[in-house]
Each structure stands twice: as structure tokens, then as C-alpha cells.
>>> print(open('entry_32.txt').read())   # compact mmCIF, C-alpha atoms and all ligand atoms
# COMPACT_ATOMS: atom_id res chain seq x y z
CA MET P 1 130.01 187.42 132.54
CA LYS P 2 133.31 185.61 132.08
CA GLN P 3 133.36 182.89 129.41
CA LEU P 4 134.19 179.25 130.08
CA LYS P 5 137.94 178.95 129.44
CA LYS P 6 139.78 175.69 128.96
CA ASP P 7 143.20 177.06 129.99
CA ILE P 8 141.91 178.35 133.35
CA ILE P 9 140.26 175.02 134.12
CA LEU P 10 143.33 173.08 132.97
CA ALA P 11 145.60 175.15 135.21
CA ASN P 12 143.61 174.03 138.24
CA VAL P 13 143.22 170.27 137.64
CA PRO P 14 145.76 167.39 137.33
CA LYS P 15 146.24 168.17 133.64
CA ASN P 16 148.14 165.04 132.58
CA ARG P 17 145.17 162.87 133.58
CA ILE P 18 142.32 164.68 131.91
CA ASN P 19 140.99 165.82 128.55
CA ILE P 20 138.80 168.91 128.49
CA ASP P 21 136.28 169.99 125.84
CA ILE P 22 134.38 173.26 126.09
CA PHE P 23 131.36 174.03 123.90
CA GLU P 24 129.23 177.06 123.27
CA GLU P 25 126.22 174.80 122.68
CA ILE P 26 125.69 171.04 122.79
CA ASP P 27 122.70 168.72 123.14
CA SER P 28 123.77 167.33 126.52
CA THR P 29 127.23 167.08 128.09
CA ASN P 30 126.34 163.62 129.44
CA GLU P 31 125.25 162.43 125.98
CA PHE P 32 128.46 163.78 124.41
CA LEU P 33 130.59 161.67 126.74
CA LYS P 34 128.40 158.63 126.09
CA LYS P 35 128.62 158.96 122.31
CA ASN P 36 132.35 159.59 121.98
CA ILE P 37 135.32 157.38 122.67
CA GLN P 38 137.62 158.72 125.33
CA PHE P 39 141.30 158.01 125.60
CA ASN P 40 142.11 159.82 128.81
CA GLU P 41 141.71 158.59 132.33
CA PHE P 42 139.22 161.41 133.00
CA ASN P 43 137.26 163.51 130.52
CA LEU P 44 135.54 166.77 131.26
CA VAL P 45 132.97 168.46 129.05
CA ALA P 46 131.39 171.81 129.86
CA SER P 47 129.02 173.84 127.72
CA GLU P 48 127.52 177.32 127.90
CA LYS P 49 124.15 175.99 126.76
CA GLN P 50 122.47 172.61 126.25
CA THR P 51 119.67 172.05 123.76
CA ASN P 52 118.59 168.76 125.32
CA GLY P 53 119.77 168.83 128.91
CA LYS P 54 118.68 165.76 130.87
CA GLY P 55 117.61 165.52 134.48
CA ARG P 56 116.91 162.52 136.68
CA ARG P 57 113.86 160.32 136.05
CA GLY P 58 113.64 161.31 132.40
CA ASN P 59 113.08 164.98 133.21
CA LYS P 60 114.51 167.78 131.14
CA TRP P 61 117.21 170.05 132.53
CA HIS P 62 116.35 173.50 131.25
CA SER P 63 119.67 174.90 129.96
CA PRO P 64 119.13 177.63 127.34
CA LYS P 65 121.11 180.40 129.01
CA LYS P 66 124.79 181.16 129.28
CA GLY P 67 126.36 181.75 132.65
CA ASN P 68 125.38 178.54 134.44
CA ILE P 69 127.34 175.31 134.85
CA TYR P 70 126.53 172.34 132.64
CA MET P 71 129.38 169.88 133.00
CA SER P 72 130.05 166.14 132.84
CA ILE P 73 133.01 164.01 133.82
CA SER P 74 133.57 160.49 132.55
CA THR P 75 136.01 157.80 133.61
CA LYS P 76 136.51 154.07 133.20
CA ASN P 77 137.92 153.86 136.72
CA THR P 78 135.81 152.15 139.33
CA PHE P 79 134.72 154.14 142.26
CA LYS P 80 134.58 152.26 145.57
CA SER P 81 133.85 154.71 148.35
CA GLY P 82 130.03 154.93 148.32
CA PRO P 83 127.11 156.27 146.28
CA LEU P 84 128.77 158.50 143.70
CA SER P 85 125.82 160.82 143.11
CA LEU P 86 125.51 161.65 146.81
CA ILE P 87 129.26 162.13 147.13
CA THR P 88 129.22 164.44 144.11
CA GLY P 89 126.46 166.44 145.84
CA ILE P 90 128.72 166.87 148.88
CA ILE P 91 131.63 167.94 146.68
CA CYS P 92 129.58 170.52 144.74
CA THR P 93 128.08 171.97 147.93
CA LYS P 94 131.47 172.27 149.60
CA VAL P 95 133.13 173.86 146.57
CA LEU P 96 130.32 176.44 146.18
CA SER P 97 130.45 177.22 149.91
CA ASN P 98 134.22 177.56 149.80
CA VAL P 99 134.24 179.88 146.79
CA SER P 100 131.31 182.01 148.05
CA GLN P 101 132.47 181.97 151.68
CA THR P 102 128.94 181.13 152.85
CA GLU P 103 127.37 178.03 154.31
CA GLU P 104 123.93 178.59 152.87
CA ILE P 105 123.91 175.87 150.23
CA GLY P 106 122.60 172.53 151.44
CA LEU P 107 121.49 169.13 150.18
CA LYS P 108 118.07 167.60 149.76
CA TRP P 109 117.96 163.84 149.45
CA PRO P 110 119.22 162.30 147.33
CA ASN P 111 121.37 164.91 145.59
CA ASP P 112 119.64 168.22 144.96
CA LEU P 113 121.61 171.36 145.75
CA VAL P 114 119.38 173.83 147.59
CA PHE P 115 119.74 177.55 148.29
CA ASN P 116 117.04 179.78 149.87
CA ASN P 117 114.71 176.76 149.90
CA LYS P 118 114.88 176.30 146.14
CA LYS P 119 116.66 173.76 143.97
CA ILE P 120 119.68 175.37 142.35
CA GLY P 121 121.53 172.31 141.12
CA GLY P 122 121.29 168.62 140.36
CA ILE P 123 123.39 165.59 139.56
CA LEU P 124 122.81 162.83 137.03
CA VAL P 125 125.16 159.83 137.23
CA GLU P 126 124.93 157.39 134.34
CA LYS P 127 126.76 154.22 133.35
CA ASP P 128 127.46 153.27 129.78
CA ILE P 129 129.08 150.23 128.19
CA TYR P 130 131.14 150.79 125.07
CA ALA P 131 133.37 148.09 123.48
CA ASN P 132 132.92 145.95 126.59
CA GLU P 133 134.22 148.70 128.81
CA GLU P 134 132.02 150.33 131.35
CA LYS P 135 132.32 154.03 131.92
CA THR P 136 130.73 156.25 134.50
CA ILE P 137 129.41 159.68 133.56
CA ILE P 138 128.79 162.27 136.25
CA GLY P 139 126.63 165.17 135.03
CA ILE P 140 126.32 168.33 137.08
CA GLY P 141 124.02 171.30 136.52
CA ILE P 142 124.26 174.43 138.69
CA ASN P 143 122.06 177.50 138.15
CA PHE P 144 123.93 180.73 138.70
CA ASN P 145 121.38 182.91 136.98
CA ILE P 146 118.07 181.80 135.51
CA ASN P 147 116.39 185.25 135.65
CA GLY P 148 113.34 183.93 137.45
CA GLU P 149 112.32 182.03 134.34
CA GLU P 150 111.08 179.04 136.26
CA ASN P 151 110.15 180.49 139.59
CA TRP P 152 109.83 177.17 141.36
CA TRP P 153 113.55 176.82 140.76
CA GLY P 154 116.24 179.00 142.20
CA ASP P 155 119.70 180.24 141.40
CA ILE P 156 122.69 181.50 143.33
CA SER P 157 122.91 184.91 141.61
CA GLU P 158 123.01 186.68 144.99
CA LEU P 159 126.24 184.91 145.91
CA LYS P 160 127.95 186.78 143.04
CA ILE P 161 130.33 183.98 142.10
CA GLU P 162 129.29 183.65 138.46
CA ASP P 163 132.67 184.95 137.32
CA GLN P 164 134.35 182.08 139.13
CA ARG P 165 132.72 179.34 137.06
CA ASN P 166 136.03 178.13 135.63
CA LEU P 167 137.55 177.77 139.07
CA ILE P 168 134.42 176.08 140.42
CA ILE P 169 134.42 173.56 137.55
CA ALA P 170 138.13 172.89 138.15
CA LYS P 171 137.69 172.45 141.90
CA ILE P 172 134.72 170.09 141.51
CA THR P 173 136.69 168.06 138.94
CA SER P 174 139.81 167.87 141.11
CA GLU P 175 137.78 166.78 144.13
CA ILE P 176 136.05 164.06 142.11
CA ILE P 177 139.44 162.79 140.89
CA LYS P 178 140.70 162.83 144.49
CA VAL P 179 137.76 160.74 145.62
CA TYR P 180 138.58 158.15 142.91
CA ASP P 181 142.20 158.10 144.06
CA GLU P 182 141.46 157.71 147.74
CA ASN P 183 139.49 154.63 148.54
CA HIS P 184 137.73 156.13 151.50
CA PHE P 185 135.40 159.09 151.85
CA ASP P 186 133.53 159.74 155.08
CA TRP P 187 130.44 160.66 153.14
CA VAL P 188 127.60 159.71 155.56
CA ASN P 189 128.57 162.29 158.21
CA GLN P 190 129.34 164.94 155.66
CA TRP P 191 126.08 164.36 153.80
CA GLU P 192 124.04 164.52 157.02
CA ASN P 193 125.81 167.73 158.08
CA LEU P 194 124.85 169.38 154.79
CA CYS P 195 121.30 167.98 154.70
CA ILE P 196 118.61 170.67 155.04
CA HIS P 197 115.91 168.32 156.35
CA LEU P 198 117.62 166.13 158.94
CA ASN P 199 115.14 165.35 161.74
CA LYS P 200 112.43 167.27 159.89
CA GLU P 201 109.03 166.14 158.68
CA VAL P 202 109.03 164.97 155.10
CA LYS P 203 106.51 163.54 152.68
CA ILE P 204 107.52 160.49 150.69
CA ASN P 205 106.09 160.04 147.21
CA ASN P 206 105.94 156.33 146.50
CA HIS P 207 106.11 154.95 142.97
CA ASP P 208 102.46 153.86 143.14
CA SER P 209 101.46 157.55 143.67
CA THR P 210 100.66 157.07 147.36
CA THR P 211 102.34 159.29 149.91
CA GLU P 212 103.61 158.71 153.42
CA ASP P 213 104.61 161.16 156.13
CA GLY P 214 107.60 160.71 158.38
CA VAL P 215 110.67 162.22 159.97
CA PHE P 216 113.94 162.08 158.05
CA ILE P 217 116.36 160.36 160.44
CA GLY P 218 119.44 159.96 158.28
CA ILE P 219 121.14 158.19 155.45
CA GLU P 220 122.23 154.56 155.14
CA ASP P 221 125.46 153.12 153.73
CA ASP P 222 123.92 152.56 150.28
CA GLY P 223 122.47 156.09 150.16
CA SER P 224 118.92 155.10 151.13
CA ALA P 225 116.90 157.51 153.24
CA LEU P 226 116.00 156.33 156.73
CA ILE P 227 112.58 157.67 157.67
CA LYS P 228 110.52 157.20 160.82
CA THR P 229 106.94 156.70 159.71
CA GLU P 230 103.75 155.91 161.61
CA SER P 231 104.30 152.25 160.83
CA GLY P 232 107.92 152.22 162.03
CA MET P 233 111.41 152.95 160.71
CA LYS P 234 111.63 152.51 156.92
CA SER P 235 114.33 152.71 154.32
CA PHE P 236 113.57 154.39 150.97
CA LYS P 237 115.73 153.90 147.91
CA SER P 238 114.88 156.18 145.07
CA ASN P 239 111.61 157.75 146.04
CA GLU P 240 111.19 161.46 145.87
CA ILE P 241 110.63 163.27 149.12
CA SER P 242 109.08 166.65 149.62
CA ILE P 243 109.63 168.91 152.59
CA LYS P 244 107.33 171.62 153.87
CA GLY P 245 108.54 175.02 152.69
CA VAL P 246 111.08 173.70 150.22
CA TYR P 247 110.18 173.98 146.52
C1 LIG P 301 118.51 166.42 138.24
O1 LIG P 301 117.47 166.14 137.63
O2 LIG P 301 118.49 166.88 139.37
C2 LIG P 301 119.84 166.19 137.57
C3 LIG P 301 120.21 167.28 136.61
C4 LIG P 301 121.54 167.09 135.92
C5 LIG P 301 121.78 168.14 134.86
C6 LIG P 301 123.15 168.08 134.29
S1 LIG P 301 123.55 169.50 133.32
C7 LIG P 301 125.00 168.73 132.74
C8 LIG P 301 124.68 167.27 132.50
N1 LIG P 301 124.16 167.07 131.16
C9 LIG P 301 122.88 166.73 131.17
O3 LIG P 301 122.20 166.54 130.14
N2 LIG P 301 122.43 166.61 132.42
C10 LIG P 301 123.47 166.89 133.39
>>> encode(input="entry_32.txt", output="C-alpha cells", more="lines below")
Ligand code: BTN
Amino acid sequence: MKQLKKDIILANVPKNRINIDIFEEIDSTNEFLKKNIQFNEFNLVASEKQTNGKGRRGNKWHSPKKGNIYMSISTKNTFKSGPLSLITGIICTKVLSNVSQTEEIGLKWPNDLVFNNKKIGGILVEKDIYANEEKTIIGIGINFNINGEENWWGDISELKIEDQRNLIIAKITSEIIKVYDENHFDWVNQWENLCIHLNKEVKINNHDSTTEDGVFIGIEDDGSALIKTESGMKSFKSNEISIKGVY
């Protein structure tokens, strides 16, 4: 396995706009960027392991092994083109497909990366206010090899691109910077093209523990899921959905 290397990443990003820190072990790359003052326009942190990796909805992100991607990018810039977490999902999927020359990685709403019907990556976008300045932190976890430890989760070991982690981190970072620079990103079409459950039956888990069945019709401008249920067309904001046959 090739180590994370700052110089390789730096050679493939706009280096005068970004600071990069690489760690062997850290609690959480998102937390590091929250806790520390940043002076650069963009800041990237990547670590081989995390001792307290965080997932969405207060979940843990299991990160004890080397060889995966645990990275976060922070910026004080404002992003105007659409829901950042969904756009980051598109970027990660496209970069992994490009590097592996396959089209087998897809998206499950809202921003899970899926391969062989299992979750192989996730995104946690957080906002933090420090000294009256708001910063956005985009955390990305991608499992390249988890050795079947948690068998309800997957990895992309069979794509054999683990040695390209530095390039993948650099490409994801550059694409995120590009999206900040350009004020437009045609994300709805791209997201729907990558979605693994478009027009498929899904189960919606509501916050009050009830469930509803429906067909996933598409995505709305604010990132909500549009689902045709027995009682009509409904829009869901941050509910979890489950799909038959997918983890
Ligand atoms: C999810 O629950 O799907 C989101 C997972 C996000 C995990 C990444 S790993 C790098 C960054 N640091 C963290 O503590 N979490 C994110």
C-alpha cells in the first residue's frame, strides 16, 4: 500500500490556494479543521486512521485501518450552486469512476457512495462559526479495504485503485475548488444519472419511526427526495430511505 503523500497531492491541486496536513492518526479530520484556525483559502486534512471518525446523524465512522480515505476540506468561501453534500457525492463518484475506468459506483440518496449494493463511502458537511466567521467543512470517507470487518458495509478493493489514493484525494479537492469558483453546477441531472434507485421502490423511514413505501421519482432543487407514495407525490428532506437489495 502506498502512503498518503503531501507532495503528490500538492502537485495535483492549485497549490497557492490550499494548505495540506497529512496525519498518521487523528481523532477526526472534520474536528481538526473545526478546532484550528486556518489562514488559507482552502484547507485539506487527510489521515491514515481516525480514532473518533464521525458519520451523519451522530453515527460513528469506523476508521481504524490504513489504506482508506479519511479527508476533510474547509473554506470560508460561500458556495452557491446547490446542496454541497450532494454535489460532493457526485464529485467523489465521478473521480472514482474516472480513476478506476468503471461506472459501477453509484449514489444512494442523499449522499452515500454505493458499490456492489453496499455503502462504500459517505459525506459529512458541517458548518462552524469561529471569530464571527463561518466556515464550511466537507468530510469524506471512502472504504478501499475494510477486510470484511463490518459485512453490511462494502469496499472497493476489487477495483484495485488503493495505490492511487493521493491522486484521488487531489482530484476530489480540485473538483470541489472548481465548483466554488464556478457559480453553476448542473447537479440535478448528474445526481439522477448516478442514482442507483431512480424509479425504484424505496422505503422511507420517518423520524417518528413509521415507514412509508413509494417510488423514488427524482431530486428537487434543494436536494429533497421526490417520492410517489400511496397518498400522492411527497417531498422528503432528511429522512433515511432503504431500498430492496441494497445494504
Ligand atoms: C456518513 O455517515 O455517511 C458520513 C461519513 C463521513 C466520514 C468522514 S471520514 C473523514 C471525515 N472525518 C470525520 O470524522 N467524518 C468524515
>>> residues_around(input="entry_32.txt", residues="range 64-79 of chain P", least_positions_apart="2", cutoff="6 Å", atoms="all atoms listed in the file", output="PyMOL selection string")
chain P and resi 29-30+41-49+135-144+180
>>> residues_around(input="entry_32.txt", residues="Asn12 in chain P", least_positions_apart="3", cutoff="10 Å", atoms="only C-alpha atoms", output="JSON, numbers by chain")
{"P": [7, 8, 9, 15, 166, 167, 168, 169, 170, 171, 173, 174]}
>>> residues_around(input="entry_32.txt", residues="Glu212 in chain P", least_positions_apart="5", cutoff="9 Å", atoms="all atoms listed in the file", output="ChimeraX atom specification")
/P:202-206,229-230
>>> atom_distance(input="entry_32.txt", atom1="CA of Ile196 in chain P", atom2="CA of Val246 in chain P")
9.4 Å
>>> atom_distance(input="entry_32.txt", atom1="CA of Gln190 in chain P", atom2="CA of Ile123 in chain P")
17.2 Å
>>> closest_atom_pairs(input="entry_32.txt", of="range 129-215 of chain P", to="range 86-110 of chain P", cutoff="8 Å", atoms="only C-alpha atoms", output="CSV")
residue,atom,partner,partner_atom,distance
P:Leu159,CA,P:Ser100,CA,6.2
P:Lys160,CA,P:Ser100,CA,7.7
P:Ile161,CA,P:Ser100,CA,6.3
P:Gln164,CA,P:Val99,CA,8.0
P:Ile168,CA,P:Val95,CA,6.7
P:Lys171,CA,P:Val95,CA,6.7
P:Ile172,CA,P:Cys92,CA,6.1
P:Glu175,CA,P:Ile91,CA,6.8
P:Ile176,CA,P:Thr88,CA,7.1
P:Trp187,CA,P:Ile87,CA,6.3
P:Gln190,CA,P:Ile90,CA,7.1
P:Trp191,CA,P:Ile90,CA,6.1
P:Leu194,CA,P:Gly106,CA,5.1
P:Cys195,CA,P:Leu107,CA,4.7
P:Ile196,CA,P:Gly106,CA,5.7
P:His197,CA,P:Lys108,CA,7.0
>>> atom_distance(input="entry_32.txt", atom1="CA of Lys34 in chain P", atom2="CA of Asn239 in chain P")
26.1 Å
>>> closest_residue(input="entry_32.txt", among="P:Ser28, P:Ser81, P:Thr51, P:Asn116", to="Asp155 in chain P", atoms="only C-alpha atoms")
P:Asn116
>>> closest_residue(input="entry_32.txt", among="P:Glu31, P:Lys2, P:Asn19, P:Leu10", to="ligand LIG 301 (chain P)", atoms="all atoms listed in the file")
P:Glu31
>>> axis_aligned_box(input="entry_32.txt", around="ligand LIG 301 (chain P)", padding_each_side="3 Å", output="AutoDock Vina command-line options")
--center_x 121.2 --center_y 167.8 --center_z 134.8 --size_x 13.5 --size_y 9.4 --size_z 15.2
>>> closest_residue(input="entry_32.txt", among="P:Lys200, P:Lys54, P:Lys178, P:Lys228", to="Lys244 in chain P", atoms="only C-alpha atoms")
P:Lys200
>>> closest_residue(input="entry_32.txt", among="P:Lys237, P:His207, P:Arg56, P:Lys118", to="ligand LIG 301 (chain P)", atoms="all atoms listed in the file")
P:Arg56
>>> closest_residue(input="entry_32.txt", among="P:Leu113, P:Gly214, P:Ile20, P:Gly82", to="ligand LIG 301 (chain P)", atoms="all atoms listed in the file")
P:Leu113
>>> closest_residue(input="entry_32.txt", among="P:Ser209, P:Ser231, P:Asn52, P:Asn117", to="Trp152 in chain P", atoms="only C-alpha atoms")
P:Asn117
>>> residues_around(input="entry_32.txt", residues="Ile217 in chain P", least_positions_apart="4", cutoff="8 Å", atoms="all atoms listed in the file", output="ChimeraX atom specification")
/P:198-200,225-228
>>> decode(input="entry_32.txt", residues="range 125-215 of chain P", atoms="C-alpha atoms", output="compact mmCIF listing (two decimals), in the first residue's frame")
# COMPACT_ATOMS: atom_id res chain seq x y z
CA VAL P 125 -20.78 18.54 5.62
CA GLU P 126 -20.62 20.74 8.71
CA LYS P 127 -20.67 24.47 9.34
CA ASP P 128 -18.74 26.13 12.12
CA ILE P 129 -18.51 29.72 13.32
CA TYR P 130 -15.17 30.89 14.64
CA ALA P 131 -14.39 34.57 15.44
CA ASN P 132 -17.59 35.60 13.67
CA GLU P 133 -16.55 33.87 10.50
CA GLU P 134 -18.44 30.94 9.18
CA LYS P 135 -16.54 28.08 7.64
CA THR P 136 -17.76 25.03 5.82
CA ILE P 137 -16.16 21.65 6.42
CA ILE P 138 -16.65 18.86 3.91
CA GLY P 139 -15.70 15.44 5.31
CA ILE P 140 -15.32 12.45 3.01
CA GLY P 141 -14.79 8.81 3.94
CA ILE P 142 -14.14 6.16 1.26
CA ASN P 143 -13.51 2.50 2.09
CA PHE P 144 -10.90 0.94 -0.15
CA ASN P 145 -10.30 -2.07 2.05
CA ILE P 146 -12.12 -2.92 5.26
CA ASN P 147 -11.34 -6.68 5.16
CA GLY P 148 -14.96 -7.67 5.63
CA GLU P 149 -14.88 -6.34 9.17
CA GLU P 150 -18.36 -4.93 9.00
CA ASN P 151 -20.02 -7.08 6.42
CA TRP P 152 -23.04 -4.86 5.98
CA TRP P 153 -20.61 -2.31 4.60
CA GLY P 154 -18.56 -2.66 1.47
CA ASP P 155 -15.30 -1.52 0.00
CA ILE P 156 -13.86 -1.02 -3.45
CA SER P 157 -10.88 -3.38 -3.03
CA GLU P 158 -11.76 -5.19 -6.26
CA LEU P 159 -11.26 -2.01 -8.27
CA LYS P 160 -7.56 -2.10 -7.30
CA ILE P 161 -7.10 1.66 -7.08
CA GLU P 162 -5.87 1.79 -3.49
CA ASP P 163 -2.42 2.89 -4.66
CA GLN P 164 -3.99 5.93 -6.30
CA ARG P 165 -5.32 7.44 -3.08
CA ASN P 166 -3.14 10.54 -3.35
CA LEU P 167 -4.35 11.25 -6.86
CA ILE P 168 -7.97 10.59 -5.89
CA ILE P 169 -7.72 12.98 -2.92
CA ALA P 170 -6.14 15.61 -5.20
CA LYS P 171 -8.78 15.21 -7.91
CA ILE P 172 -11.68 15.40 -5.44
CA THR P 173 -10.13 18.51 -3.88
CA SER P 174 -9.54 20.21 -7.23
CA GLU P 175 -13.10 19.48 -8.35
CA ILE P 176 -14.51 20.91 -5.12
CA ILE P 177 -12.43 24.08 -5.59
CA LYS P 178 -13.66 24.30 -9.19
CA VAL P 179 -17.26 24.09 -8.04
CA TYR P 180 -16.64 27.00 -5.62
CA ASP P 181 -15.09 29.02 -8.45
CA GLU P 182 -17.84 28.40 -10.96
CA ASN P 183 -21.20 29.60 -9.80
CA HIS P 184 -23.14 26.97 -11.66
CA PHE P 185 -23.15 23.19 -11.46
CA ASP P 186 -25.77 21.14 -13.27
CA TRP P 187 -26.07 18.85 -10.30
CA VAL P 188 -29.70 17.61 -10.54
CA ASN P 189 -29.19 15.77 -13.85
CA GLN P 190 -25.82 14.45 -12.84
CA TRP P 191 -27.10 13.25 -9.47
CA GLU P 192 -30.09 11.49 -11.07
CA ASN P 193 -27.83 9.82 -13.66
CA LEU P 194 -25.66 8.38 -10.89
CA CYS P 195 -28.56 7.42 -8.60
CA ILE P 196 -28.93 3.65 -8.14
CA HIS P 197 -32.63 3.77 -7.20
CA LEU P 198 -34.24 6.17 -9.66
CA ASN P 199 -37.79 4.96 -10.44
CA LYS P 200 -37.35 2.09 -7.99
CA GLU P 201 -39.38 1.15 -4.94
CA VAL P 202 -38.00 2.57 -1.73
CA LYS P 203 -38.97 2.55 1.91
CA ILE P 204 -38.89 5.84 3.77
CA ASN P 205 -38.05 5.83 7.46
CA ASN P 206 -39.77 8.80 9.05
CA HIS P 207 -38.43 10.47 12.17
CA ASP P 208 -41.37 9.17 14.22
CA SER P 209 -40.27 5.57 13.40
CA THR P 210 -43.11 4.99 10.93
CA THR P 211 -42.30 3.86 7.41
CA GLU P 212 -43.82 4.60 4.04
CA ASP P 213 -43.39 2.87 0.70
CA GLY P 214 -43.08 4.68 -2.59
CA VAL P 215 -41.25 5.07 -5.87
